[in-house]
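Following: one structure in C-alpha cells, then a few remarks.
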Amino acid sequence: MAHDPRSGAPTGGRRAITSLQNDSVKLIRSLEMRKTRRETGLFIAEGASVLMTARDNGWSPRMLVAGPGADAGSVGEALQRWAEAAGCDRLDVSAAVLEKLAAKDNPQSVLGVFEQRWTSLPPTTIAHSGSSLPPLWVVLEEIRDPGNLGTILRTVDAAGASGIILAGNTCDPFSREAVRASMGSIFAVPLTRTDRTGLLALARAWTGDVVGTHLDGKLDYRGASYRAPALLIMGNEGAGLSEEVAAACGKLVRIPMAGRLDSLNLAVATALMLFEIRRPHLAL
Ligand code: SAM
C-alpha cells in the first residue's frame with residue numbers, strides 16, 4: 001500500500017528511518033505549523049504515558065514514532081501492540097531523526113500522530129442522569145495562550161466537566177504546547193468550537209445557568225448557584241469577556257482577591273470556578 005505523505009494515511013508497516021528527507025518525517029515536522037495541522041487534521045502527542053492515556057481513551061494513532069530502545073519494557077511493548085492492532089505506520093527512527101521530531105525541551109523517545117477530534121456543540125437541554133455529574137460546559141472566549149488551554153483541558157478533565165467550547169479566534173488545542181500541558185487530557189475532554197454569534201445563540205437557548213466570570217461581577221463566586229446544565233464562560237487573557245458575551249450571561253460572578261493585581265491567571269480562575277461548581281459533588 002502506498003504511503004500518502006500529505007494526509008498521513010497509514011500503510012500499517014514498520015520501517016526503520018534514518019533520513020530527514022523521508023516523507024513521513026517531513027510531514028511530522030510540518031505539523032509544527034498550525035496551517036498544516038488545519039489542512040491535514042493531524043496533531044502530535046509525545047511521551048509514553050500520554051500515549052497510554054490516548055490508548056486508554058480509545059484513540060488510535062496514524063503513526064507511532066519510536067527512537068532507539070523506545071519499544072523496550074512493558075510500556076514500550078504495549079504501545080507497539082496498540083499501534084500494530086490499529087494498523088498504523090510504525091517508524092523506528094535514528095537518534096538524529098528523533099532529535100528533529102521531539103520537543104526541544106524535555107524531549108521524549110516516543111510520539112504519536114493522531115487525527116484531531118471535534119464534537120458538535122452541546123444540546124441546550126442536556127439530560128442529567130442521577131448517577132453522573134451534572135452537565136457543565138466551559139466556554140473559553142478568544143483564549144490565546146496554548147499553555148493556559150492545555151492546563152484548562154487537564155482541569156476540566158479533573159473536575160469531570162463535560163467539555164470545552166472554544167469561542168471566536170482562539171489558540172490551537174492541538175498545538176504541541178497545549179497538548180503537552182494537557183498531560184493527556186486532550187484525549188479525554190470533548191472539544192467543540194464556534195464563533196461569537198454561535199455562542200450568543202447557544203447562551204440564549206441554554207436551559208441551565210449561563211455564568212460569566214468578570215472583574216465587575218457583583219456576585220461572589222462562592223455564593224452563586226450553578227443550575228445544571230451549567231455554561232461557565234471565561235474571558236480572554238488580556239481583554240476579558242467581550243461586552244456582548246457578558247451581556248448574554250444570566251449572571252456575572254467574581255472571585256474576590258487581595259493584593260495589588262486586578263485579576264487571576266485565566267487557567268487559575270477556571271480551576272477555582274470548576275471546583276467551586278463541583279464542590280457538592282466531589283469527595284475523597
Ligand atoms: N483585564 C482583563 C479584564 O478586564 O477582564 C483580565 C482578564 S483575566 C486575566 C482572564 C479571565 O480570567 C477573565 O476574563 C475571567 O474570565 C477570569 N478571571 C480572572 N480573575 C478573575 C476574578 N478575580 N474574578 C472573576 N474572573 C476572573
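Chain labels follow the order of the C-alpha cells: the first chain is A, the next B, and so on; residue numbering restarts at 1 in every chain, and ligands are counted from 1 in their shown order.
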Considering only C-alpha atoms and all ligand atoms, tabulate each residue of chain A that lies at most 8 Å from ligand 1 along with its nearest interatomic pair and the corresponding distance in Å to one decimal; arrange the rows by chain and ascending residue number and present them as a Markdown table.
| residue | atom | partner | partner_atom_place_in_ligand_line | distance |
| --- | --- | --- | --- | --- |
| A:Gly212 | CA | ligand 1 | 16 (O) | 7.1 |
| A:Thr213 | CA | ligand 1 | 26 (N) | 4.2 |
| A:His214 | CA | ligand 1 | 25 (C) | 4.5 |
| A:Leu215 | CA | ligand 1 | 24 (N) | 5.0 |
| A:Gly217 | CA | ligand 1 | 25 (C) | 7.1 |
| A:Tyr221 | CA | ligand 1 | 25 (C) | 7.8 |
| A:Ile233 | CA | ligand 1 | 16 (O) | 6.7 |
| A:Met234 | CA | ligand 1 | 16 (O) | 3.6 |
| A:Gly235 | CA | ligand 1 | 14 (O) | 3.2 |
| A:Asn236 | CA | ligand 1 | 10 (C) | 5.2 |
| A:Glu237 | CA | ligand 1 | 10 (C) | 4.1 |
| A:Gly238 | CA | ligand 1 | 1 (N) | 5.0 |
| A:Ala239 | CA | ligand 1 | 2 (C) | 4.6 |
| A:Gly240 | CA | ligand 1 | 14 (O) | 3.2 |
| A:Leu241 | CA | ligand 1 | 14 (O) | 5.0 |
| A:Val253 | CA | ligand 1 | 25 (C) | 6.0 |
| A:Arg254 | CA | ligand 1 | 24 (N) | 3.7 |
| A:Ile255 | CA | ligand 1 | 24 (N) | 3.8 |
| A:Pro256 | CA | ligand 1 | 23 (N) | 5.6 |
| A:Met257 | CA | ligand 1 | 23 (N) | 6.0 |
| A:Asp262 | CA | ligand 1 | 23 (N) | 7.0 |
| A:Ser263 | CA | ligand 1 | 20 (N) | 3.8 |
| A:Leu264 | CA | ligand 1 | 20 (N) | 3.8 |
| A:Asn265 | CA | ligand 1 | 9 (C) | 4.9 |
| A:Leu266 | CA | ligand 1 | 12 (O) | 3.8 |
| A:Ala267 | CA | ligand 1 | 12 (O) | 7.2 |
| A:Val268 | CA | ligand 1 | 19 (C) | 7.6 |
| A:Ala269 | CA | ligand 1 | 18 (N) | 5.1 |
| A:Thr270 | CA | ligand 1 | 17 (C) | 6.8 |
With N, CA and C atoms retained, could you export that selection as an mmCIF file, in the first residue's frame?
data_model
loop_
_atom_site.group_PDB
_atom_site.id
_atom_site.type_symbol
_atom_site.label_atom_id
_atom_site.label_comp_id
_atom_site.auth_asym_id
_atom_site.auth_seq_id
_atom_site.Cartn_x
_atom_site.Cartn_y
_atom_site.Cartn_z
ATOM 1 N N GLY A 212 -21.071 33.971 33.611
ATOM 2 C CA GLY A 212 -19.856 34.616 33.123
ATOM 3 C C GLY A 212 -18.965 34.971 34.301
ATOM 4 N N THR A 213 -17.658 34.966 34.070
ATOM 5 C CA THR A 213 -16.726 35.397 35.113
ATOM 6 C C THR A 213 -16.201 36.765 34.696
ATOM 7 N N HIS A 214 -16.260 37.730 35.621
ATOM 8 C CA HIS A 214 -15.992 39.108 35.216
ATOM 9 C C HIS A 214 -15.446 39.894 36.399
ATOM 10 N N LEU A 215 -14.502 40.784 36.114
ATOM 11 C CA LEU A 215 -13.921 41.570 37.208
ATOM 12 C C LEU A 215 -14.926 42.578 37.773
ATOM 13 N N GLY A 217 -18.102 41.629 38.128
ATOM 14 C CA GLY A 217 -19.220 40.797 38.611
ATOM 15 C C GLY A 217 -19.623 41.214 40.018
ATOM 16 N N TYR A 221 -18.366 34.330 43.698
ATOM 17 C CA TYR A 221 -18.491 33.009 43.042
ATOM 18 C C TYR A 221 -18.826 31.903 44.036
ATOM 19 N N ILE A 233 -18.531 30.687 31.445
ATOM 20 C CA ILE A 233 -17.850 31.415 30.363
ATOM 21 C C ILE A 233 -16.666 32.210 30.919
ATOM 22 N N MET A 234 -15.495 31.929 30.364
ATOM 23 C CA MET A 234 -14.250 32.574 30.789
ATOM 24 C C MET A 234 -13.756 33.489 29.663
ATOM 25 N N GLY A 235 -13.106 34.599 30.053
ATOM 26 C CA GLY A 235 -12.709 35.582 29.047
ATOM 27 C C GLY A 235 -11.259 35.486 28.604
ATOM 28 N N ASN A 236 -10.941 36.304 27.644
ATOM 29 C CA ASN A 236 -9.593 36.370 27.072
ATOM 30 C C ASN A 236 -8.585 36.889 28.105
ATOM 31 N N GLU A 237 -7.335 36.427 27.985
ATOM 32 C CA GLU A 237 -6.284 36.765 28.955
ATOM 33 C C GLU A 237 -6.092 38.276 29.106
ATOM 34 N N GLY A 238 -6.206 39.015 28.017
ATOM 35 C CA GLY A 238 -5.949 40.450 28.100
ATOM 36 C C GLY A 238 -7.220 41.262 28.271
ATOM 37 N N ALA A 239 -8.223 40.962 27.458
ATOM 38 C CA ALA A 239 -9.415 41.818 27.386
ATOM 39 C C ALA A 239 -10.567 41.327 28.235
ATOM 40 N N GLY A 240 -10.495 40.109 28.738
ATOM 41 C CA GLY A 240 -11.630 39.563 29.487
ATOM 42 C C GLY A 240 -12.771 39.184 28.550
ATOM 43 N N LEU A 241 -13.993 39.142 29.081
ATOM 44 C CA LEU A 241 -15.166 38.807 28.253
ATOM 45 C C LEU A 241 -15.534 39.980 27.364
ATOM 46 N N VAL A 253 -20.094 36.464 37.874
ATOM 47 C CA VAL A 253 -19.524 36.223 39.196
ATOM 48 C C VAL A 253 -18.077 36.694 39.229
ATOM 49 N N ARG A 254 -17.621 36.966 40.451
ATOM 50 C CA ARG A 254 -16.242 37.421 40.633
ATOM 51 C C ARG A 254 -15.587 36.620 41.752
ATOM 52 N N ILE A 255 -14.306 36.389 41.587
ATOM 53 C CA ILE A 255 -13.513 35.727 42.622
ATOM 54 C C ILE A 255 -12.842 36.850 43.416
ATOM 55 N N PRO A 256 -13.196 37.018 44.689
ATOM 56 C CA PRO A 256 -12.603 38.122 45.459
ATOM 57 C C PRO A 256 -11.095 37.943 45.584
ATOM 58 N N MET A 257 -10.381 39.055 45.555
ATOM 59 C CA MET A 257 -8.913 38.988 45.606
ATOM 60 C C MET A 257 -8.356 40.007 46.585
ATOM 61 N N ASP A 262 -5.133 43.048 39.439
ATOM 62 C CA ASP A 262 -6.584 43.161 39.268
ATOM 63 C C ASP A 262 -7.239 41.846 38.874
ATOM 64 N N SER A 263 -6.429 40.848 38.471
ATOM 65 C CA SER A 263 -7.071 39.603 38.033
ATOM 66 C C SER A 263 -6.151 38.415 38.270
ATOM 67 N N LEU A 264 -6.754 37.226 38.181
ATOM 68 C CA LEU A 264 -6.005 35.972 38.270
ATOM 69 C C LEU A 264 -5.661 35.509 36.866
ATOM 70 N N ASN A 265 -4.700 34.630 36.772
ATOM 71 C CA ASN A 265 -4.421 33.946 35.509
ATOM 72 C C ASN A 265 -5.688 33.182 35.086
ATOM 73 N N LEU A 266 -5.961 33.151 33.785
ATOM 74 C CA LEU A 266 -7.183 32.529 33.276
ATOM 75 C C LEU A 266 -7.320 31.066 33.715
ATOM 76 N N ALA A 267 -6.247 30.298 33.634
ATOM 77 C CA ALA A 267 -6.339 28.868 33.988
ATOM 78 C C ALA A 267 -6.596 28.702 35.486
ATOM 79 N N VAL A 268 -6.011 29.579 36.286
ATOM 80 C CA VAL A 268 -6.226 29.508 37.741
ATOM 81 C C VAL A 268 -7.683 29.861 38.061
ATOM 82 N N ALA A 269 -8.181 30.928 37.433
ATOM 83 C CA ALA A 269 -9.576 31.335 37.669
ATOM 84 C C ALA A 269 -10.533 30.219 37.233
ATOM 85 N N THR A 270 -10.220 29.564 36.104
ATOM 86 C CA THR A 270 -11.087 28.478 35.625
ATOM 87 C C THR A 270 -11.089 27.323 36.630
#
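Checking A:Cys249, A:Leu232, A:Val97, A:Ala45 one by one against A:Glu276, counting only C-alpha atoms, you find the shortest gap at A:Leu232.
If only C-alpha atoms are the atoms counted, then among A:Gly168, A:Ile126, A:Gly163, A:Ser242 the closest residue to A:Arg227 is A:Ile126.
Between atom CA of A:Val139 and atom CA of A:Leu166 the separation is 6.0 Å.
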Please extract the residues of stretch 89-235 of chain A with a backbone DSSP assignment of strand (DSSP E) and present them as a VMD selection string. chain A and resid 89 to 93 110 to 115 136 to 141 163 to 167 191 to 194 210 to 213 219 to 220 230 to 234
Same residues, C-alpha atoms, saved as a compact mmCIF listing (two decimals), in the first residue's frame:
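Writing done, so here's out.txt:
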# COMPACT_ATOMS: atom_id res chain seq x y z
CA ASP A 89 2.64 3.12 10.47
CA ARG A 90 5.40 2.38 12.95
CA LEU A 91 8.57 4.33 12.38
CA ASP A 92 11.76 3.31 14.13
CA VAL A 93 13.85 6.44 13.81
CA VAL A 110 8.19 8.04 21.51
CA LEU A 111 5.50 10.10 19.85
CA GLY A 112 2.24 9.52 18.06
CA VAL A 113 0.45 11.29 15.21
CA PHE A 114 -3.34 11.40 15.62
CA GLU A 115 -6.41 12.69 13.85
CA LEU A 136 -21.08 21.56 32.91
CA TRP A 137 -19.57 23.04 29.75
CA VAL A 138 -16.73 25.55 29.81
CA VAL A 139 -16.60 28.30 27.20
CA LEU A 140 -13.24 29.96 26.53
CA GLU A 141 -13.75 33.20 24.64
CA GLY A 163 -16.19 19.61 27.65
CA ILE A 164 -14.80 22.84 26.27
CA ILE A 165 -16.30 25.22 23.74
CA LEU A 166 -13.70 27.43 22.04
CA ALA A 167 -15.37 30.67 21.01
CA LEU A 191 -13.79 19.88 22.29
CA THR A 192 -16.01 22.00 20.12
CA ARG A 193 -15.81 25.46 18.59
CA THR A 194 -18.00 28.29 17.45
CA VAL A 210 -25.16 30.78 31.97
CA VAL A 211 -22.42 32.07 34.26
CA GLY A 212 -19.86 34.62 33.12
CA THR A 213 -16.73 35.40 35.11
CA LEU A 219 -21.83 38.06 42.79
CA ASP A 220 -19.21 36.28 44.89
CA ALA A 230 -24.29 24.96 33.54
CA LEU A 231 -22.40 27.03 30.99
CA LEU A 232 -19.31 28.63 32.52
CA ILE A 233 -17.85 31.41 30.36
CA MET A 234 -14.25 32.57 30.79
